[in-house]
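Asker: structure.txt is the file, holding compact mmCIF, C-alpha atoms:
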```txt
# COMPACT_ATOMS: atom_id res chain seq x y z
CA MET S 1 14.32 56.61 13.63
CA LYS S 2 14.66 52.90 14.31
CA LEU S 3 13.01 50.49 11.90
CA ALA S 4 10.72 47.75 13.10
CA PRO S 5 12.34 44.29 13.17
CA GLU S 6 10.32 43.10 10.17
CA PHE S 7 11.83 45.90 8.06
CA GLN S 8 15.43 45.34 9.14
CA PHE S 9 17.80 43.33 6.96
CA PHE S 10 19.44 41.81 10.08
CA PRO S 11 16.97 42.03 12.99
CA SER S 12 19.48 40.39 15.33
CA ARG S 13 23.28 40.64 15.13
CA THR S 14 23.70 37.51 17.26
CA LEU S 15 21.33 35.52 15.07
CA ALA S 16 22.99 36.76 11.88
CA TRP S 17 26.45 35.79 13.13
CA TYR S 18 25.19 32.37 14.26
CA MET S 19 23.63 31.67 10.85
CA ALA S 20 26.65 32.89 8.88
CA LYS S 21 29.11 30.94 11.04
CA SER S 22 27.14 27.70 10.73
CA PHE S 23 26.90 28.16 6.98
CA LEU S 24 30.60 28.94 6.46
CA VAL S 25 31.82 26.05 8.64
CA ARG S 26 29.69 23.53 6.75
CA THR S 27 30.60 24.97 3.35
CA VAL S 28 34.33 24.80 4.06
CA ALA S 29 33.97 21.24 5.39
CA VAL S 30 32.09 20.12 2.28
CA LEU S 31 34.62 21.84 0.00
CA ALA S 32 37.55 20.19 1.79
CA ALA S 33 35.94 16.75 1.48
CA LEU S 34 35.11 17.23 -2.21
CA VAL S 35 38.56 18.58 -3.06
CA PHE S 36 40.32 15.74 -1.24
CA VAL S 37 38.31 13.01 -2.98
CA LEU S 38 38.36 14.60 -6.44
CA GLN S 39 42.06 15.49 -6.32
CA THR S 40 42.92 11.93 -5.27
CA LEU S 41 40.89 10.43 -8.11
CA ASP S 42 42.30 12.91 -10.62
CA LEU S 43 45.88 12.18 -9.55
CA LEU S 44 45.30 8.44 -9.81
CA GLY S 45 44.02 8.87 -13.35
CA GLU S 46 46.87 11.16 -14.46
CA SER S 47 49.84 9.75 -12.55
CA GLY S 48 50.58 7.11 -15.20
CA THR S 49 50.94 9.76 -17.92
CA ILE S 50 53.12 11.96 -15.69
CA LEU S 51 55.45 9.15 -14.69
CA ALA S 52 55.65 7.91 -18.30
CA TYR S 53 57.99 10.79 -19.15
CA PRO S 54 61.60 9.75 -18.41
CA GLY S 55 62.94 11.32 -15.22
CA ASN S 56 59.60 12.21 -13.68
CA GLY S 57 58.94 11.08 -10.12
CA GLU S 58 57.32 12.07 -6.85
CA HIS S 59 58.29 15.73 -7.23
CA GLN S 60 56.41 16.00 -10.54
CA LEU S 61 53.34 14.36 -9.00
CA TRP S 62 53.22 16.97 -6.21
CA HIS S 63 53.83 19.69 -8.79
CA TYR S 64 50.79 18.44 -10.71
CA VAL S 65 48.71 18.51 -7.52
CA ALA S 66 49.78 22.11 -6.85
CA LEU S 67 48.68 23.14 -10.36
CA ARG S 68 45.45 21.12 -10.44
CA LEU S 69 44.24 21.95 -6.94
CA PRO S 70 43.27 25.59 -7.67
CA GLN S 71 41.18 24.44 -10.65
CA ILE S 72 39.26 21.92 -8.55
CA ILE S 73 38.64 24.43 -5.76
CA ALA S 74 37.36 27.06 -8.20
CA ARG S 75 35.10 24.62 -10.01
CA PHE S 76 33.48 23.03 -6.97
CA LEU S 77 33.17 26.02 -4.64
CA PRO S 78 29.60 26.79 -5.86
CA PHE S 79 28.65 23.12 -5.34
CA SER S 80 30.05 23.32 -1.82
CA VAL S 81 28.04 26.47 -1.12
CA LEU S 82 24.89 24.69 -2.29
CA LEU S 83 25.50 21.62 -0.14
CA GLY S 84 26.63 23.73 2.82
CA THR S 85 23.43 25.75 2.62
CA LEU S 86 21.26 22.64 2.45
CA ILE S 87 22.99 21.03 5.42
CA THR S 88 22.69 24.24 7.47
CA LEU S 89 19.02 24.83 6.69
CA VAL S 90 17.96 21.20 7.11
CA THR S 91 19.71 21.07 10.50
CA LEU S 92 18.02 24.27 11.63
CA ASN S 93 14.65 22.95 10.48
CA GLN S 94 15.07 19.61 12.22
CA ASN S 95 15.98 21.33 15.49
CA SER S 96 12.93 23.63 15.20
CA GLU S 97 15.22 26.66 15.15
CA VAL S 98 13.50 28.00 12.05
CA ILE S 99 10.14 27.81 13.83
CA ALA S 100 11.62 29.70 16.78
CA MET S 101 12.92 32.43 14.47
CA LYS S 102 9.59 32.68 12.68
CA ALA S 103 7.81 32.93 16.03
CA GLY S 104 10.11 35.83 16.91
CA GLY S 105 8.96 37.75 13.85
CA VAL S 106 11.92 36.95 11.57
CA SER S 107 10.86 36.58 7.92
CA ALA S 108 12.18 34.05 5.44
CA HIS S 109 14.29 36.66 3.68
CA GLN S 110 15.78 37.78 7.00
CA ILE S 111 16.65 34.17 7.84
CA LEU S 112 18.50 33.78 4.54
CA ALA S 113 20.09 37.25 4.57
CA PRO S 114 23.19 36.24 6.65
CA LEU S 115 23.79 33.30 4.29
CA VAL S 116 23.49 35.53 1.23
CA LEU S 117 25.91 38.06 2.71
CA ALA S 118 28.41 35.33 3.63
CA SER S 119 28.13 33.81 0.15
CA LEU S 120 28.73 37.27 -1.32
CA GLY S 121 32.01 37.35 0.60
CA LEU S 122 32.84 33.89 -0.76
CA ALA S 123 32.09 35.16 -4.29
CA GLY S 124 34.59 37.99 -3.80
CA LEU S 125 37.22 35.56 -2.53
CA SER S 126 36.46 33.24 -5.45
CA PHE S 127 36.93 36.04 -7.99
CA THR S 128 40.27 37.07 -6.45
CA PHE S 129 41.38 33.44 -6.21
CA ASN S 130 40.53 32.86 -9.88
CA GLU S 131 42.33 36.00 -11.03
CA ARG S 132 45.49 35.54 -8.97
CA LEU S 133 45.98 31.77 -8.86
CA VAL S 134 43.67 29.75 -11.09
CA THR S 135 44.54 31.51 -14.36
CA ARG S 136 48.29 31.16 -13.77
CA ALA S 137 48.00 27.54 -12.68
CA THR S 138 45.85 26.72 -15.72
CA ALA S 139 48.30 28.34 -18.14
CA THR S 140 51.26 26.50 -16.60
CA LEU S 141 49.45 23.16 -16.47
CA ASN S 142 48.31 23.42 -20.10
CA ALA S 143 51.84 24.28 -21.23
CA TRP S 144 53.18 21.32 -19.23
CA GLN S 145 50.62 18.95 -20.71
CA ASP S 146 51.44 20.17 -24.24
CA VAL S 147 54.97 18.80 -23.81
CA ASP S 148 53.69 15.53 -22.27
CA TYR S 149 54.78 16.55 -18.75
CA GLY S 150 58.35 17.12 -19.86
CA PRO S 151 60.48 20.24 -19.27
CA ILE S 152 58.69 23.40 -20.38
CA PRO S 153 60.94 25.39 -22.74
CA LYS S 154 62.13 28.68 -21.28
CA GLY S 155 60.42 31.73 -22.66
CA ILE S 156 57.19 29.94 -23.54
CA VAL S 157 54.27 32.25 -22.94
CA ASN S 158 51.73 30.20 -24.82
CA PRO S 159 50.03 29.51 -27.07
CA ALA S 160 51.01 25.99 -28.00
CA ASN S 161 49.80 23.66 -30.74
CA VAL S 162 48.83 26.57 -33.02
CA TRP S 163 47.29 26.22 -36.48
CA VAL S 164 47.29 29.18 -38.90
CA ARG S 165 45.93 29.35 -42.44
CA ASP S 166 48.07 30.98 -45.18
CA GLY S 167 45.87 31.11 -48.25
CA ASP S 168 45.45 27.49 -49.27
CA ASP S 169 48.37 26.36 -47.09
CA ILE S 170 48.24 25.43 -43.41
CA VAL S 171 50.99 26.19 -40.90
CA HIS S 172 51.32 24.37 -37.58
CA ALA S 173 53.64 25.26 -34.68
CA ASP S 174 54.13 23.15 -31.56
CA LEU S 175 55.11 26.15 -29.43
CA VAL S 176 55.10 29.93 -29.82
CA SER S 177 57.32 32.22 -27.74
CA GLY S 178 58.24 35.88 -27.76
CA LYS S 179 56.33 38.96 -28.88
CA GLY S 180 56.31 41.30 -31.86
CA THR S 181 59.25 40.84 -34.20
CA GLY S 182 60.85 38.47 -31.70
CA VAL S 183 58.23 35.74 -32.08
CA ARG S 184 59.81 32.32 -32.58
CA LEU S 185 58.03 29.16 -33.69
CA THR S 186 59.19 25.76 -32.47
CA GLY S 187 58.31 22.51 -34.21
CA VAL S 188 57.04 24.00 -37.49
CA THR S 189 55.10 22.05 -40.11
CA VAL S 190 53.86 23.65 -43.35
CA TYR S 191 51.26 21.79 -45.41
CA ASP S 192 51.62 23.05 -48.98
CA ARG S 193 48.30 22.60 -50.77
CA ASP S 194 47.15 23.38 -54.29
CA GLY S 195 43.41 23.57 -54.92
CA GLY S 196 42.72 21.77 -51.67
CA GLU S 197 45.06 18.87 -52.50
CA LEU S 198 48.14 18.27 -50.35
CA ARG S 199 51.33 18.51 -52.44
CA ARG S 200 54.28 18.90 -50.07
CA ILE S 201 54.98 18.85 -46.33
CA PHE S 202 57.79 21.01 -44.92
CA LYS S 203 59.11 20.38 -41.42
CA ALA S 204 61.62 22.50 -39.49
CA PRO S 205 62.76 22.62 -35.84
CA TRP S 206 62.14 26.36 -35.67
CA ALA S 207 61.18 29.43 -37.67
CA ALA S 208 61.53 33.18 -37.15
CA ILE S 209 60.19 36.36 -38.72
CA LYS S 210 62.01 37.41 -41.89
CA PRO S 211 62.83 41.14 -42.30
CA GLY S 212 60.33 42.62 -44.71
CA GLY S 213 57.59 40.08 -43.96
CA GLY S 214 57.08 36.36 -43.96
CA TRP S 215 58.92 33.61 -42.10
CA ILE S 216 62.16 31.75 -42.58
CA ALA S 217 62.97 28.24 -41.35
CA ALA S 218 66.38 26.55 -41.32
CA LYS S 219 67.30 22.87 -41.61
CA THR S 220 64.00 22.06 -43.30
CA THR S 221 62.91 18.66 -44.53
CA MET S 222 60.55 18.60 -47.53
CA PHE S 223 58.41 15.54 -48.29
CA ASP S 224 56.79 15.36 -51.74
CA VAL S 225 53.44 13.64 -51.39
CA VAL S 226 53.11 12.84 -55.11
CA SER S 227 56.53 11.26 -55.65
CA GLY S 228 57.17 10.12 -52.10
CA ASN S 229 60.66 11.65 -52.13
CA GLU S 230 62.20 13.46 -49.19
CA LEU S 231 64.63 16.34 -49.58
CA ALA S 232 66.75 18.28 -47.05
CA MET S 233 66.77 22.06 -47.51
CA ALA S 234 69.11 24.59 -45.91
CA ARG S 235 66.31 27.14 -45.57
CA TYR S 236 62.66 27.56 -46.44
CA GLU S 237 60.56 30.72 -46.65
CA PHE S 238 56.80 30.70 -46.14
CA GLY S 239 53.86 32.75 -44.88
CA ALA S 240 54.48 36.05 -46.66
CA HIS S 241 51.08 37.30 -45.47
CA VAL S 242 51.08 35.65 -42.02
CA THR S 243 51.68 38.07 -39.13
CA ALA S 244 53.11 37.34 -35.70
CA GLU S 245 49.76 38.23 -34.10
CA GLN S 246 48.11 35.34 -35.93
CA PHE S 247 50.32 32.98 -33.92
CA THR S 248 50.42 34.79 -30.57
CA LEU S 249 46.65 35.36 -30.56
CA ALA S 250 45.67 32.15 -32.31
CA SER S 251 44.73 30.20 -29.18
CA VAL S 252 43.84 32.75 -26.53
CA SER S 253 42.09 30.91 -23.71
CA ALA S 254 39.77 32.71 -21.32
CA ASP S 255 40.70 30.22 -18.59
CA GLU S 256 44.37 31.21 -18.81
CA ARG S 257 43.90 35.00 -18.76
CA SER S 258 42.93 37.40 -16.00
CA LEU S 259 40.02 39.77 -16.55
CA THR S 260 42.24 42.68 -17.66
CA ASP S 261 44.54 40.53 -19.82
CA LEU S 262 41.57 38.89 -21.50
CA GLY S 263 40.01 42.29 -22.19
CA THR S 264 43.27 43.42 -23.82
CA ALA S 265 43.42 40.26 -25.94
CA VAL S 266 39.81 40.78 -27.07
CA ASP S 267 40.64 44.34 -28.15
CA GLU S 268 43.68 43.15 -30.09
CA LEU S 269 41.70 40.43 -31.83
CA GLU S 270 38.97 42.89 -32.74
CA SER S 271 41.60 45.22 -34.23
CA ALA S 272 42.93 42.31 -36.28
CA GLY S 273 39.41 41.50 -37.52
CA ARG S 274 39.25 38.17 -35.68
CA PRO S 275 36.08 36.72 -34.07
CA THR S 276 35.91 37.36 -30.33
CA GLY S 277 32.50 35.96 -29.31
CA PRO S 278 33.77 33.01 -27.21
CA LEU S 279 36.35 35.19 -25.45
CA GLU S 280 33.77 37.86 -24.69
CA THR S 281 31.54 35.16 -23.23
CA GLY S 282 34.46 34.05 -21.06
CA TRP S 283 35.10 37.65 -20.01
CA TRP S 284 31.54 38.14 -18.80
CA HIS S 285 31.49 34.71 -17.17
CA LYS S 286 34.51 35.64 -15.07
CA LEU S 287 32.11 38.07 -13.36
CA SER S 288 28.92 36.01 -13.31
CA GLY S 289 30.61 32.70 -12.41
CA PRO S 290 31.78 33.62 -8.88
CA LEU S 291 28.40 35.26 -8.19
CA SER S 292 26.72 31.87 -8.60
CA SER S 293 27.58 31.30 -4.93
CA VAL S 294 25.16 34.08 -4.02
CA LEU S 295 22.30 32.19 -5.69
CA MET S 296 22.79 28.98 -3.72
CA PRO S 297 21.22 30.11 -0.40
CA LEU S 298 18.20 31.41 -2.29
CA LEU S 299 17.76 28.22 -4.35
CA ALA S 300 18.30 25.97 -1.33
CA GLY S 301 16.09 28.12 0.92
CA VAL S 302 13.08 25.91 0.24
CA ALA S 303 14.65 23.33 2.60
CA ALA S 304 14.40 25.70 5.56
CA PHE S 305 10.65 26.06 5.71
CA GLY S 306 7.84 23.65 6.40
CA LEU S 307 7.45 21.36 9.39
CA ALA S 308 10.18 18.76 9.73
CA ARG S 309 7.74 16.24 11.20
CA SER S 310 5.46 16.54 8.18
CA GLY S 311 7.71 14.14 6.28
CA GLN S 312 8.35 16.69 3.53
CA LEU S 313 11.77 17.86 4.70
CA PHE S 314 13.62 15.35 2.56
CA VAL S 315 11.53 16.29 -0.47
CA ARG S 316 12.25 19.97 0.15
CA ALA S 317 15.98 19.26 0.37
CA ILE S 318 15.82 17.36 -2.92
CA ILE S 319 13.98 20.29 -4.55
CA GLY S 320 16.63 22.71 -3.31
CA MET S 321 19.41 20.49 -4.59
CA GLY S 322 17.59 20.05 -7.91
CA LEU S 323 17.27 23.81 -8.36
CA GLY S 324 20.98 24.27 -7.65
CA PHE S 325 22.10 21.60 -10.09
CA ALA S 326 19.62 22.85 -12.70
CA TYR S 327 21.37 26.21 -12.52
CA PHE S 328 24.77 24.63 -13.20
CA VAL S 329 23.35 22.73 -16.19
CA ALA S 330 21.73 25.88 -17.59
CA ASP S 331 24.92 27.90 -17.00
CA ASN S 332 27.13 25.38 -18.81
CA PHE S 333 24.63 25.15 -21.66
CA ALA S 334 24.43 28.93 -22.06
CA VAL S 335 28.23 29.30 -22.05
CA ALA S 336 28.49 26.55 -24.68
CA MET S 337 25.92 28.37 -26.82
CA GLY S 338 27.89 31.59 -26.36
CA ASN S 339 31.09 29.88 -27.48
CA LEU S 340 29.29 28.62 -30.58
CA GLY S 341 27.95 32.08 -31.34
CA ALA S 342 24.30 31.07 -30.86
CA TYR S 343 23.88 33.42 -27.86
CA PRO S 344 25.27 36.95 -27.46
CA PRO S 345 28.17 36.92 -24.97
CA PHE S 346 26.41 39.00 -22.28
CA LEU S 347 23.25 36.90 -22.50
CA ALA S 348 25.20 33.63 -22.39
CA ALA S 349 27.01 34.65 -19.19
CA TRP S 350 24.22 36.40 -17.29
CA ALA S 351 20.91 34.88 -18.45
CA PRO S 352 21.11 31.74 -16.23
CA PHE S 353 22.05 33.84 -13.20
CA LEU S 354 19.15 36.27 -13.66
CA LEU S 355 16.70 33.50 -14.54
CA PHE S 356 17.44 31.41 -11.45
CA LEU S 357 17.51 34.53 -9.28
CA LEU S 358 13.87 35.07 -10.27
CA ILE S 359 13.07 31.36 -9.88
CA GLY S 360 14.61 31.22 -6.41
CA GLU S 361 12.81 34.34 -5.31
CA THR S 362 9.51 33.05 -6.66
CA VAL S 363 9.85 29.66 -4.96
CA LEU S 364 10.77 31.33 -1.68
CA ILE S 365 7.77 33.68 -1.80
CA ARG S 366 5.33 30.94 -2.83
CA THR S 367 6.70 28.58 -0.20
CA GLU S 368 6.86 30.80 2.84
CA GLU S 369 6.12 34.47 2.35
```
For the file at hand, write its structure as structure tokens.

Answerer:
Amino acid sequence: MKLAPEFQFFPSRTLAWYMAKSFLVRTVAVLAALVFVLQTLDLLGESGTILAYPGNGEHQLWHYVALRLPQIIARFLPFSVLLGTLITLVTLNQNSEVIAMKAGGVSAHQILAPLVLASLGLAGLSFTFNERLVTRATATLNAWQDVDYGPIPKGIVNPANVWVRDGDDIVHADLVSGKGTGVRLTGVTVYDRDGGELRRIFKAPWAAIKPGGGWIAAKTTMFDVVSGNELAMARYEFGAHVTAEQFTLASVSADERSLTDLGTAVDELESAGRPTGPLETGWWHKLSGPLSSVLMPLLAGVAAFGLARSGQLFVRAIIGMGLGFAYFVADNFAVAMGNLGAYPPFLAAWAPFLLFLLIGETVLIRTEE
């Protein structure tokens, strides 16, 4: 039994392909233009810091571009989908193609359906791109920036610049490498405090796990805050109750982990009794973030309908753009609230998506249907 055209998701294969092709071409063009401009500006702002490290030159600049480019593409793909949708729909409206489709019995939802399906494909590509490239590039770039764009020590797996509390004392490590009993700390500083007052500062080039618990550092320099004297020590033991996991899991970043790796880190932190709210928010947002591309055709759909000669086309385009940017503001706000613990992780990641899905659908129905 063949459904009537008004009940078909794609009443015309030719029309669906034409709409999807126009949308994808414009989206890719907008993304390319945005990435080119933003990458150029970003490189101009960072090149001075990169070249300030002795020995760095043109090769390091291109290496920075290769690491930064995936981040820019991932961040601005949803913006490109929004602008690509607006350009496509405004062009169709101006050329009276929307009127022709409506006269042929095609509904507003059927007009937008090819764009939604194409954006769903872009969301899948975005998720894969984030998992395979963006996370690795982010981890490498952060590690490179932590050493001021100098050579990254071999074996570094992150984290870097780690702070751990040991009772009243505070331990800082510039870099952490290795796993389990093979964890090694580089650039160690121990702030020995008594009742909240700083008494002594111990500095060592490295520290390793001591058999039986705790840590041992060699070639340590001790500075007495009270007397102002400095003393060289052959070895120094500290952190009897500090475990290796407190260093290796101290600065887990959702941006640097894939979905599965981040889930494993969350489980390990939960087992260690550590708070995991921000990481859980990041885990859920890895799923909801790429799907934001699917919302853009719906939010920008208001620009497709209404007579172009009525003088309201520009206003409709502004409304569509405003709805899209309002979603990005709400999404960033919700994620920030999730990281602070004010929102539950699932709500922080998915509430803006579901809210603007309802808003877009409501605006579309009130406008045209």

Asker: Need the shell around segment 164-178 of chain S: protein/DNA/RNA residues with any atom at most 12 Å away, counting only C-alpha atoms. Skip same-chain ones fewer than 4 positions apart. Format as a PyMOL selection string?

Answerer: chain S and resi 142-144+146-147+152-160+182-209+214-215+217+238-251

Asker: Scan for residues within 12 Å of the point (52.4, 19.3, -10.2) in the coordinates of the file, using all atoms listed in the file, and reply as an NGL selection string.

Answerer: :S and (39 or 42-43 or 46-47 or 50-51 or 56-70 or 137-138 or 140-142 or 144-145 or 149-150)

Asker: Skipping near chain neighbours, those fewer than 2 positions away, what residues fall within 6 Å of segment 93-95 of chain S using only C-alpha atoms, listed as a PyMOL selection string?

Answerer: chain S and resi 90-91+97-98+304+308

Asker: What does the distance from atom CA of Ile318 of chain S to atom CA of Ile87 of chain S come to in Å, to one decimal?

Answerer: 11.6 Å

Asker: Please measure the separation of atom CA of Met101 of chain S and atom CA of Ser22 of chain S, giving the value in Å to one decimal.

Answerer: 15.4 Å

Asker: Enter the distance from atom CA of Ile73 of chain S to atom CA of Met321 of chain S, in Å, rounded to one decimal.

Answerer: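 If I compute the distance from atom CA of Ile73 of chain S to atom CA of Met321 of chain S, I get 19.7 Å.
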
Asker: Residues of segment 61-131 of chain S that approach segment 16-19 of chain S to 9 Å or less, counting only C-alpha atoms: could you list each one with the shortest pair of atoms and its distance in Å to one decimal, rows by chain and increasing residue number, as a Markdown table?

Answerer:
```
| residue | atom | partner | partner_atom | distance |
| --- | --- | --- | --- | --- |
| S:Thr88 | CA | S:Met19 | CA | 8.2 |
| S:Gln110 | CA | S:Ala16 | CA | 8.8 |
| S:Ile111 | CA | S:Ala16 | CA | 8.0 |
| S:Leu112 | CA | S:Met19 | CA | 8.4 |
| S:Ala113 | CA | S:Ala16 | CA | 7.9 |
| S:Pro114 | CA | S:Ala16 | CA | 5.3 |
| S:Leu115 | CA | S:Met19 | CA | 6.8 |
```
